[in-house]
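Undergrad: A single structure is presented below for examination.
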2 protein chains.
Amino acid sequence: MRNILIIGAGRSASSLIRYLLDKSSEENLHIIVADMNKSAAEEKINNHKNASAISLNVFDEKDRRAAIKNAAIVISMLPARFHLEVAKDCLEFGKNMVTASYVSKEMKALNNDVKSKGLTFMNEIGLDPGVDHMSAMQVIDRIRDNGGKMLLFESFTGGLVAPESDTNLWNYKFTWNPRNVVVAGQGSASKFIQEGKYKYIPYQKLFRRTEFLNIDGYGRFEGYANRDSLKYRTIYGLNDIPTLYRGTIRKVGFSRAWNVFVQLGMTDDSYQIEDSENMTYRDFTNSFLAYNPTDSVELKLRHYLKIDQDDIIWDKLMELNIFSKTKKVDLENATPAQILQKILMDSWTLEEDDKDMIVMCHKFGYEYKGEKRQIESQMVVLGDDQTYTAMAKTVGLPVAIATLKILNGEITKTGVLIPIDKKVYEPILRELEDYGVVFTEKEVPYLGYNPENVS
Amino acid sequence: MRNILIIGAGRSASSLIRYLLDKSSEENLHIIVADMNKSAAEEKINNHKNASAISLNVFDEKDRRAAIKNAAIVISMLPARFHLEVAKDCLEFGKNMVTASYVSKEMKALNNDVKSKGLTFMNEIGLDPGVDHMSAMQVIDRIRDNGGKMLLFESFTGGLVAPESDTNLWNYKFTWNPRNVVVAGQGSASKFIQEGKYKYIPYQKLFRRTEFLNIDGYGRFEGYANRDSLKYRTIYGLNDIPTLYRGTIRKVGFSRAWNVFVQLGMTDDSYQIEDSENMTYRDFTNSFLAYNPTDSVELKLRHYLKIDQDDIIWDKLMELNIFSKTKKVDLENATPAQILQKILMDSWTLEEDDKDMIVMCHKFGYEYKGEKRQIESQMVVLGDDQTYTAMAKTVGLPVAIATLKILNGEITKTGVLIPIDKKVYEPILRELEDYGVVFTEKEVPYLGYNPENVS
C-alpha cells in the first residue's frame, strides 16, 4: 500500500478524498486524512477500508514529522501560510508534495533544494489558481506552437450559485468564504493593460467598471477586475501582450448594487464600530449617513447615493433588511466588514438543497499569418450537493489527479512547480473531462479590447 | 547667557527664532540653531549677536549629546519620529524640552521619569496641535467653571492662501507640505459623533460630506472631517458630549472638485505607475479611464464622473492642465499621489509675493441653568511674507513663548505635557494676542448639530 497523506479535511477536500478513495483499491493506495478536528477527517473517509483519519496539529513538530515520514506523497490543503513547515519536512524526508495555493516567496526559495533532491512540489493546482493556468496555457501554447502571436488574453472566473438555486435579487449566495467576498478588491488599485495602455481602477470605482461576458447556455455575466493582472505576463510568457485582464464573475447587476456598500464604507475591515453589539441593522446603516433630526434612514441613503425608488438596487437593499429596527448586530467590537458579512449571511447562506456553480471564461486574441483571430474558451461546472460542490470538485480534483500522476511517475518534472507545462496540464485536463470539468472552445471574430465594437 | 538649543531650522522655525532673538538681549539668551544643513541655520539667525548656528545630525550621538548638555532648554522642530532621541538626552541631562508634535506612545512612556526629575516636556504646542488645544480649553474650562454642561464641540482649522493672493479657481495654494494635502484623509474612515450618533465617513465619500462655516469678514468656508475626532473626548474631558467633530477648512467648492482626484484614484500612494517617467499629464489621466479606441480623454472623464461641461469643476480641472499632451511627468517609478502632487505644484505653488492665511473656528454648545447656549470663536492670521508666514507664526510663536516661560519659571508643571492646563494656556494665549493671534468670540443661538435648521 502507498500512503497518501492529506493534511486538512476542510470543505475543499471532499472531492479530492473521494477521487483517491475511489482509486485506492486498483492503485493500491492508503489514504490518511489528517486534521486538527479528527471527526472532520473521519466524516470524510466514512469508514473506507483503504483510509484512516488522524488528529494532527501541523505545529506539533513531532506528530507532523512522523506523519510525513510515513507518507509516499503529501497533499497540504491547509491555508497557504501553513504550507512551509510541511514543505521543509517533505524536503528532508524526500517526499513529493501537492498544494492548491499560490507559491509563496518562501516556498519558491526551496526550488533548488527540491530539484537537487529530485522532488516535485506541485502548487497552484486547484481552480484559481490551477484550472485557470492549465486551460489557459493549453490554448496559449497551441497558438504559439502553430506560429501565432498572442495579442489579447482575458480570463474570468466566478464561484456562483447554480441557476436552479438562484432565488434572490442579487443572483448570489455564499458558496465559499464569505469574508473574501466582503473584502474583495480592497488594498491596492486593480492593474491591467488594454491595447498597450496600462489601466488602474481604485477600489471606490472597481464595481462600476465591469466588463460583460456571455456564457453559452447561461446568459450574460459581468466581471470586475482582479487586483494584479500584470503578474500573469511573466507567468504565462506574455511579456509584450497589449491586452491582459483577469476578472471575477458575477451575474449582471451584482456589482452596481455592491457598490452601495463600498460607497457607504460598510466593507471596511480596518476599524471597529463603537458599541456594535447593541446596534440594530438600521443603526449600522445610519452610522454611515449624515445626522439629521427628522429624515428617515431610508431617504437619507437614497438621497446620498442618488438611488431612485424604482431602481432595482433599492429592492436589493430592502431584501437584505439593512433598515431593520429589530435585527441586532450582536457582535462585539466588530468592524463594518464583519457586520456586513453577518447581514449578508442572513440572506445569502445556501439552503440545504442549493447547488453552486463555477464559471470560467478565457478570451485569446492572436495574429496568425497576418490575420487577427480570437478564441473563446468556457467552462461551467455545477455542484452535485453541498458536499461535492462545484468548488470542491474544481479545486480538489486537479489536486487529486496531479497527486496520483506524480506518485505513478507520469509527472516527473522536479522543483517547486505550477501547472503551466504541457506535460503536466495535458494529462490532467484530459482526465478532468471525465469528471465534467470541460472547456468548450469556439472561434469568434477578433475584436481586440473594444467592448462597444467601435470601428 | 542662557542657551536655547533649537534643533531643526525648517520653514516652521522662522517666527520662533525671530521671537527668541528679539527677546535675547533683555532676557539674556543665546540662541543656538542646529540643523543638518548649517547654512539654513545661518540664514535664520542672520548674524545676530546673540545667536550661533551649528551643523547637527541628530543621529550622531556624540554631537547631539554635547549640544543638549550645553543648553538650558531644548526645542525640537524635527519631524515627530526624531524627537525621542532628543528627549532621552534631555532626561539624562536634566533639560526641559518643547515640541510642536503629537505626543507619541514612546514620549508618553517617559512621563514618570520626566516628572521625577522635575522636568517639563511640553508638546503639541504649535498650531494644530497647539493653538487649537489652548483656545478650545480656555472656553471649555470657562463654561464648566461657570456650571455649564458641554453639549457640542466642533473645531475647524485650515492653512489657506490669503484673500489677496487667492488667484486660482480652487482658491487654494500649497502653503505647507504638499504631500500631506494630496494624501489627506487616507487610511481609516473618519469618525465623529453628532447628537449621540456615531458617524463614519469612508475616504471615497469624505470630500462629499463637508460642513459649511462662516468666518466673519472672510465669507463662507467648508470643512471635511478629520480622521479621529473621538480621541478628543478623553483629551478635553468631554467623555459624554453628544456632538464632537473636528475638520479641515477649505474654501467652498474645493472638496467637490478634489473628489474628482479621489474617485479617479490619483491620490493613491500605495503603488507605482508603470513607465511613469515617460508619461504626459494626459497619459496619466487616461490611465484611470477605460480604454476606448476613439473617445477623447476629456469626454471619457466627463462621462465617467458625470461632469457637465458648464460645471465649475471642469474649469478647475482644465486650469491644472491634466489633459496636457506636452507636459511630462518626468518622475521615475512614481505613485499616483507623487504625480498628482507634481501636477498640482505647477499651479498651486506660491508666487514670490503671495501670502498665506490660517483660519481656526470653534463652536461650543452648552447648557447653563436649563438653557442651551452656543459660543463661536474664530481666529484668522495672515502671513507677512514667505518667511514669516501665518503658518510659521501660529506654529512657532506658541513654541517660543512656552519655551521662554518654562525657562523663566512661569510654567512649572512637570511631566510630558500638552497645553490644556489653564496655568499653561492662559499666559501663552494672552501673549499670542500681541502677535496678532487673536480669537474673536460671539454668542449665537444654540442649534445643536442641525445644519439645515430643521425644527
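Residue numbers start at 1 in each chain; chains themselves are named A, B, ... in the order of the C-alpha cells; ligands are numbered from 1 in the order shown.
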Determine, counting only C-alpha atoms, which protein, DNA and RNA residues have an atom within 9 Å of an atom of region 349-357 of chain B; residues of the same chain fewer than 4 positions away are not included. Present the result as a list of chain:residue names.
TA: B:Gly158, B:Gly159, B:Leu160, B:Val161, B:Ala162, B:Pro163, B:Glu164, B:Ser165, B:Asp166, B:Lys173, B:Phe174, B:Thr175, B:Leu344, B:Met345, B:Val380, B:Val381, B:Leu382, B:Gly383, B:Asp384, B:Asp385, B:Gln386, B:Thr389, B:Ala390, B:Met391
Undergrad: Dump N, CA, C and O atoms for the selected residues as an mmCIF file, in the first residue's frame?
TA:
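To be explicit, this is the file written out as part.cif:
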```cif
data_model
loop_
_atom_site.group_PDB
_atom_site.id
_atom_site.type_symbol
_atom_site.label_atom_id
_atom_site.label_comp_id
_atom_site.auth_asym_id
_atom_site.auth_seq_id
_atom_site.Cartn_x
_atom_site.Cartn_y
_atom_site.Cartn_z
ATOM 1 N N GLY B 158 -7.669 75.454 9.084
ATOM 2 C CA GLY B 158 -7.192 75.322 7.720
ATOM 3 C C GLY B 158 -6.016 76.227 7.435
ATOM 4 O O GLY B 158 -5.959 77.357 7.925
ATOM 5 N N GLY B 159 -5.076 75.724 6.647
ATOM 6 C CA GLY B 159 -3.993 76.539 6.126
ATOM 7 C C GLY B 159 -4.324 76.868 4.676
ATOM 8 O O GLY B 159 -4.391 75.966 3.841
ATOM 9 N N LEU B 160 -4.571 78.145 4.409
ATOM 10 C CA LEU B 160 -5.068 78.548 3.090
ATOM 11 C C LEU B 160 -4.204 79.666 2.524
ATOM 12 O O LEU B 160 -3.239 80.101 3.151
ATOM 13 N N VAL B 161 -4.574 80.122 1.356
ATOM 14 C CA VAL B 161 -3.901 81.265 0.763
ATOM 15 C C VAL B 161 -4.673 82.531 1.180
ATOM 16 O O VAL B 161 -5.902 82.497 1.311
ATOM 17 N N ALA B 162 -3.963 83.620 1.432
ATOM 18 C CA ALA B 162 -4.631 84.861 1.842
ATOM 19 C C ALA B 162 -5.520 85.386 0.710
ATOM 20 O O ALA B 162 -5.221 85.157 -0.464
ATOM 21 N N PRO B 163 -6.604 86.095 1.049
ATOM 22 C CA PRO B 163 -7.517 86.561 0.003
ATOM 23 C C PRO B 163 -6.804 87.339 -1.107
ATOM 24 O O PRO B 163 -7.108 87.172 -2.291
ATOM 25 N N GLU B 164 -5.835 88.170 -0.756
ATOM 26 C CA GLU B 164 -5.146 88.973 -1.779
ATOM 27 C C GLU B 164 -4.313 88.113 -2.736
ATOM 28 O O GLU B 164 -3.954 88.562 -3.819
ATOM 29 N N SER B 165 -3.983 86.907 -2.328
ATOM 30 C CA SER B 165 -3.176 86.023 -3.184
ATOM 31 C C SER B 165 -4.001 84.872 -3.753
ATOM 32 O O SER B 165 -3.464 83.948 -4.359
ATOM 33 N N ASP B 166 -5.313 84.971 -3.569
ATOM 34 C CA ASP B 166 -6.214 83.892 -3.958
ATOM 35 C C ASP B 166 -6.567 84.067 -5.428
ATOM 36 O O ASP B 166 -7.574 84.685 -5.772
ATOM 37 N N LYS B 173 -3.652 77.284 -2.582
ATOM 38 C CA LYS B 173 -2.255 77.070 -2.974
ATOM 39 C C LYS B 173 -1.570 76.303 -1.853
ATOM 40 O O LYS B 173 -2.049 76.279 -0.722
ATOM 41 N N PHE B 174 -0.448 75.700 -2.177
ATOM 42 C CA PHE B 174 0.289 74.939 -1.154
ATOM 43 C C PHE B 174 1.019 75.909 -0.232
ATOM 44 O O PHE B 174 1.961 76.575 -0.639
ATOM 45 N N THR B 175 0.582 75.969 1.011
ATOM 46 C CA THR B 175 1.246 76.848 1.974
ATOM 47 C C THR B 175 2.043 76.012 2.971
ATOM 48 O O THR B 175 2.645 76.548 3.892
ATOM 49 N N LEU B 344 -0.050 69.405 -9.411
ATOM 50 C CA LEU B 344 -0.627 70.487 -8.605
ATOM 51 C C LEU B 344 0.414 71.560 -8.299
ATOM 52 O O LEU B 344 0.089 72.757 -8.257
ATOM 53 N N MET B 345 1.660 71.132 -8.080
ATOM 54 C CA MET B 345 2.694 72.119 -7.753
ATOM 55 C C MET B 345 2.945 73.079 -8.922
ATOM 56 O O MET B 345 3.334 74.229 -8.719
ATOM 57 N N VAL B 380 -8.274 84.387 12.579
ATOM 58 C CA VAL B 380 -7.670 84.453 11.242
ATOM 59 C C VAL B 380 -6.310 85.118 11.381
ATOM 60 O O VAL B 380 -6.199 86.186 11.997
ATOM 61 N N VAL B 381 -5.278 84.478 10.877
ATOM 62 C CA VAL B 381 -3.932 85.072 10.876
ATOM 63 C C VAL B 381 -3.433 85.102 9.444
ATOM 64 O O VAL B 381 -3.541 84.102 8.726
ATOM 65 N N LEU B 382 -2.926 86.248 9.015
ATOM 66 C CA LEU B 382 -2.370 86.377 7.667
ATOM 67 C C LEU B 382 -0.843 86.373 7.742
ATOM 68 O O LEU B 382 -0.252 86.887 8.702
ATOM 69 N N GLY B 383 -0.210 85.788 6.720
ATOM 70 C CA GLY B 383 1.243 85.797 6.670
ATOM 71 C C GLY B 383 1.772 87.179 6.312
ATOM 72 O O GLY B 383 1.093 87.966 5.647
ATOM 73 N N ASP B 384 3.002 87.486 6.784
ATOM 74 C CA ASP B 384 3.626 88.760 6.413
ATOM 75 C C ASP B 384 4.282 88.638 5.040
ATOM 76 O O ASP B 384 4.266 89.558 4.242
ATOM 77 N N ASP B 385 4.913 87.524 4.817
ATOM 78 C CA ASP B 385 5.635 87.262 3.572
ATOM 79 C C ASP B 385 5.898 85.752 3.525
ATOM 80 O O ASP B 385 5.258 85.015 4.254
ATOM 81 N N GLN B 386 6.838 85.343 2.689
ATOM 82 C CA GLN B 386 7.047 83.894 2.575
ATOM 83 C C GLN B 386 8.018 83.337 3.608
ATOM 84 O O GLN B 386 8.301 82.147 3.609
ATOM 85 N N THR B 389 5.381 83.439 7.536
ATOM 86 C CA THR B 389 4.058 83.054 7.062
ATOM 87 C C THR B 389 3.111 82.930 8.250
ATOM 88 O O THR B 389 3.539 82.849 9.400
ATOM 89 N N ALA B 390 1.832 82.908 7.941
ATOM 90 C CA ALA B 390 0.848 82.680 9.003
ATOM 91 C C ALA B 390 1.103 81.323 9.670
ATOM 92 O O ALA B 390 0.940 81.172 10.888
ATOM 93 N N MET B 391 1.510 80.346 8.865
ATOM 94 C CA MET B 391 1.814 79.019 9.418
ATOM 95 C C MET B 391 3.014 79.091 10.354
ATOM 96 O O MET B 391 2.977 78.550 11.467
#
```
Undergrad: Neighbouring residues of Ser276 (chain A) were defined as those with any atom within 7 Å, considering only C-alpha atoms; residues of the same chain fewer than 5 positions away were excluded. Please report them as an NGL selection string.
TA: :A and (329 or 331-334)
Undergrad: Can you tell me, as JSON, numbers by chain, what residues are no more than 12 Å from Glu277 (chain B) when counting only C-alpha atoms, ignoring any on the same chain fewer than 2 positions away?
TA: {"B": [272, 273, 274, 275, 279, 280, 281, 283, 284, 327, 328, 329, 330, 331, 332, 333, 334, 335, 336, 338, 339]}
Undergrad: Convert the current residue selection to file output with N, CA, C and O atoms, as a PDB file, in the first residue's frame.
TA:
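Saved as result-v2.pdb:
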```
ATOM      1  N   GLN B 272       3.172  51.944  -7.717  1.00  0.00           N
ATOM      2  CA  GLN B 272       3.841  52.761  -8.725  1.00  0.00           C
ATOM      3  C   GLN B 272       3.188  52.593 -10.088  1.00  0.00           C
ATOM      4  O   GLN B 272       2.817  51.488 -10.473  1.00  0.00           O
ATOM      5  N   ILE B 273       3.096  53.697 -10.792  1.00  0.00           N
ATOM      6  CA  ILE B 273       2.562  53.693 -12.151  1.00  0.00           C
ATOM      7  C   ILE B 273       3.657  53.199 -13.111  1.00  0.00           C
ATOM      8  O   ILE B 273       4.809  53.606 -12.996  1.00  0.00           O
ATOM      9  N   GLU B 274       3.273  52.287 -14.016  1.00  0.00           N
ATOM     10  CA  GLU B 274       4.246  51.754 -14.983  1.00  0.00           C
ATOM     11  C   GLU B 274       4.723  52.870 -15.919  1.00  0.00           C
ATOM     12  O   GLU B 274       3.931  53.642 -16.425  1.00  0.00           O
ATOM     13  N   ASP B 275       6.035  52.903 -16.130  1.00  0.00           N
ATOM     14  CA  ASP B 275       6.633  53.817 -17.110  1.00  0.00           C
ATOM     15  C   ASP B 275       6.278  55.280 -16.827  1.00  0.00           C
ATOM     16  O   ASP B 275       6.086  56.073 -17.752  1.00  0.00           O
ATOM     17  N   MET B 279       5.493  59.496 -19.205  1.00  0.00           N
ATOM     18  CA  MET B 279       4.099  59.872 -19.436  1.00  0.00           C
ATOM     19  C   MET B 279       3.912  61.375 -19.573  1.00  0.00           C
ATOM     20  O   MET B 279       4.613  62.147 -18.927  1.00  0.00           O
ATOM     21  N   THR B 280       2.906  61.751 -20.343  1.00  0.00           N
ATOM     22  CA  THR B 280       2.416  63.133 -20.274  1.00  0.00           C
ATOM     23  C   THR B 280       1.336  63.184 -19.189  1.00  0.00           C
ATOM     24  O   THR B 280       0.850  62.154 -18.736  1.00  0.00           O
ATOM     25  N   TYR B 281       0.965  64.412 -18.818  1.00  0.00           N
ATOM     26  CA  TYR B 281      -0.134  64.544 -17.856  1.00  0.00           C
ATOM     27  C   TYR B 281      -1.399  63.875 -18.417  1.00  0.00           C
ATOM     28  O   TYR B 281      -2.177  63.277 -17.673  1.00  0.00           O
ATOM     29  N   ASP B 283      -1.524  61.254 -20.452  1.00  0.00           N
ATOM     30  CA  ASP B 283      -1.385  59.798 -20.305  1.00  0.00           C
ATOM     31  C   ASP B 283      -1.743  59.376 -18.882  1.00  0.00           C
ATOM     32  O   ASP B 283      -2.398  58.352 -18.663  1.00  0.00           O
ATOM     33  N   PHE B 284      -1.259  60.156 -17.926  1.00  0.00           N
ATOM     34  CA  PHE B 284      -1.535  59.855 -16.519  1.00  0.00           C
ATOM     35  C   PHE B 284      -3.042  59.852 -16.272  1.00  0.00           C
ATOM     36  O   PHE B 284      -3.595  58.897 -15.719  1.00  0.00           O
ATOM     37  N   LYS B 327       3.050  68.407 -21.379  1.00  0.00           N
ATOM     38  CA  LYS B 327       3.689  68.401 -20.051  1.00  0.00           C
ATOM     39  C   LYS B 327       4.008  66.969 -19.651  1.00  0.00           C
ATOM     40  O   LYS B 327       3.140  66.092 -19.686  1.00  0.00           O
ATOM     41  N   LYS B 328       5.248  66.742 -19.243  1.00  0.00           N
ATOM     42  CA  LYS B 328       5.699  65.386 -18.928  1.00  0.00           C
ATOM     43  C   LYS B 328       5.747  65.156 -17.410  1.00  0.00           C
ATOM     44  O   LYS B 328       6.110  66.052 -16.651  1.00  0.00           O
ATOM     45  N   VAL B 329       5.426  63.953 -17.005  1.00  0.00           N
ATOM     46  CA  VAL B 329       5.502  63.594 -15.587  1.00  0.00           C
ATOM     47  C   VAL B 329       6.958  63.602 -15.115  1.00  0.00           C
ATOM     48  O   VAL B 329       7.301  64.176 -14.083  1.00  0.00           O
ATOM     49  N   ASP B 330       7.825  62.920 -15.887  1.00  0.00           N
ATOM     50  CA  ASP B 330       9.267  63.015 -15.650  1.00  0.00           C
ATOM     51  C   ASP B 330       9.677  62.602 -14.226  1.00  0.00           C
ATOM     52  O   ASP B 330      10.597  63.193 -13.654  1.00  0.00           O
ATOM     53  N   LEU B 331       8.974  61.653 -13.659  1.00  0.00           N
ATOM     54  CA  LEU B 331       9.332  61.093 -12.337  1.00  0.00           C
ATOM     55  C   LEU B 331       9.405  59.580 -12.510  1.00  0.00           C
ATOM     56  O   LEU B 331       8.460  58.973 -12.993  1.00  0.00           O
ATOM     57  N   GLU B 332      10.522  58.973 -12.091  1.00  0.00           N
ATOM     58  CA  GLU B 332      10.665  57.527 -12.247  1.00  0.00           C
ATOM     59  C   GLU B 332       9.908  56.771 -11.163  1.00  0.00           C
ATOM     60  O   GLU B 332       9.960  57.164  -9.993  1.00  0.00           O
ATOM     61  N   ASN B 333       9.257  55.690 -11.541  1.00  0.00           N
ATOM     62  CA  ASN B 333       8.584  54.786 -10.582  1.00  0.00           C
ATOM     63  C   ASN B 333       7.727  55.556  -9.581  1.00  0.00           C
ATOM     64  O   ASN B 333       7.765  55.300  -8.384  1.00  0.00           O
ATOM     65  N   ALA B 334       6.982  56.506 -10.083  1.00  0.00           N
ATOM     66  CA  ALA B 334       6.206  57.372  -9.195  1.00  0.00           C
ATOM     67  C   ALA B 334       4.848  56.768  -8.882  1.00  0.00           C
ATOM     68  O   ALA B 334       4.249  56.076  -9.711  1.00  0.00           O
ATOM     69  N   THR B 335       4.356  57.052  -7.688  1.00  0.00           N
ATOM     70  CA  THR B 335       2.997  56.665  -7.321  1.00  0.00           C
ATOM     71  C   THR B 335       2.040  57.698  -7.930  1.00  0.00           C
ATOM     72  O   THR B 335       2.452  58.821  -8.256  1.00  0.00           O
ATOM     73  N   PRO B 336       0.748  57.337  -8.047  1.00  0.00           N
ATOM     74  CA  PRO B 336      -0.226  58.341  -8.492  1.00  0.00           C
ATOM     75  C   PRO B 336      -0.156  59.611  -7.643  1.00  0.00           C
ATOM     76  O   PRO B 336      -0.169  60.728  -8.190  1.00  0.00           O
ATOM     77  N   GLN B 338       2.316  60.947  -6.035  1.00  0.00           N
ATOM     78  CA  GLN B 338       3.511  61.739  -6.353  1.00  0.00           C
ATOM     79  C   GLN B 338       3.333  62.498  -7.662  1.00  0.00           C
ATOM     80  O   GLN B 338       3.743  63.654  -7.792  1.00  0.00           O
ATOM     81  N   ILE B 339       2.709  61.845  -8.630  1.00  0.00           N
ATOM     82  CA  ILE B 339       2.484  62.500  -9.926  1.00  0.00           C
ATOM     83  C   ILE B 339       1.460  63.617  -9.772  1.00  0.00           C
ATOM     84  O   ILE B 339       1.653  64.733 -10.276  1.00  0.00           O
TER      85      ILE B 339
END
```
Undergrad: As a PyMOL selection string, please: the residues near region 365-376 of chain A (cut-off 9 Å, only C-alpha atoms, same-chain neighbours under 3 positions excluded).
TA: chain A and resi 139+143+146-154+243+361-362+440-448
Undergrad: So which residues touch Ala13 (chain A) within 9 Å, counting only C-alpha atoms, skipping near sequence neighbours fewer than 6 positions away, as a ChimeraX atom specification?
TA: /A:6,44,77,392-393,395-396
Undergrad: Could you give me, as CSV, every chain A residue with an atom at most 6 Å from chain B, plus its closest atom pair and distance in Å to one decimal, counting only C-alpha atoms, rows ordered by chain then number?
TA:
```
residue,atom,partner,partner_atom,distance
A:Tyr198,CA,B:Ser287,CA,5.9
A:Lys199,CA,B:Ser287,CA,4.7
A:Tyr200,CA,B:Phe288,CA,5.3
A:Pro202,CA,B:Gly265,CA,5.1
A:Gly265,CA,B:Pro202,CA,5.1
A:Ser287,CA,B:Lys199,CA,4.7
A:Phe288,CA,B:Tyr200,CA,5.3
```
Undergrad: Can you check which residues of region 145-333 of chain A DSSP gives as alpha helix (DSSP H) on the backbone and send them as a VMD selection string?
TA: chain A and resid 145 178 to 182 203 to 206 232 to 235 254 to 264 281 to 286 297 to 304 312 to 319
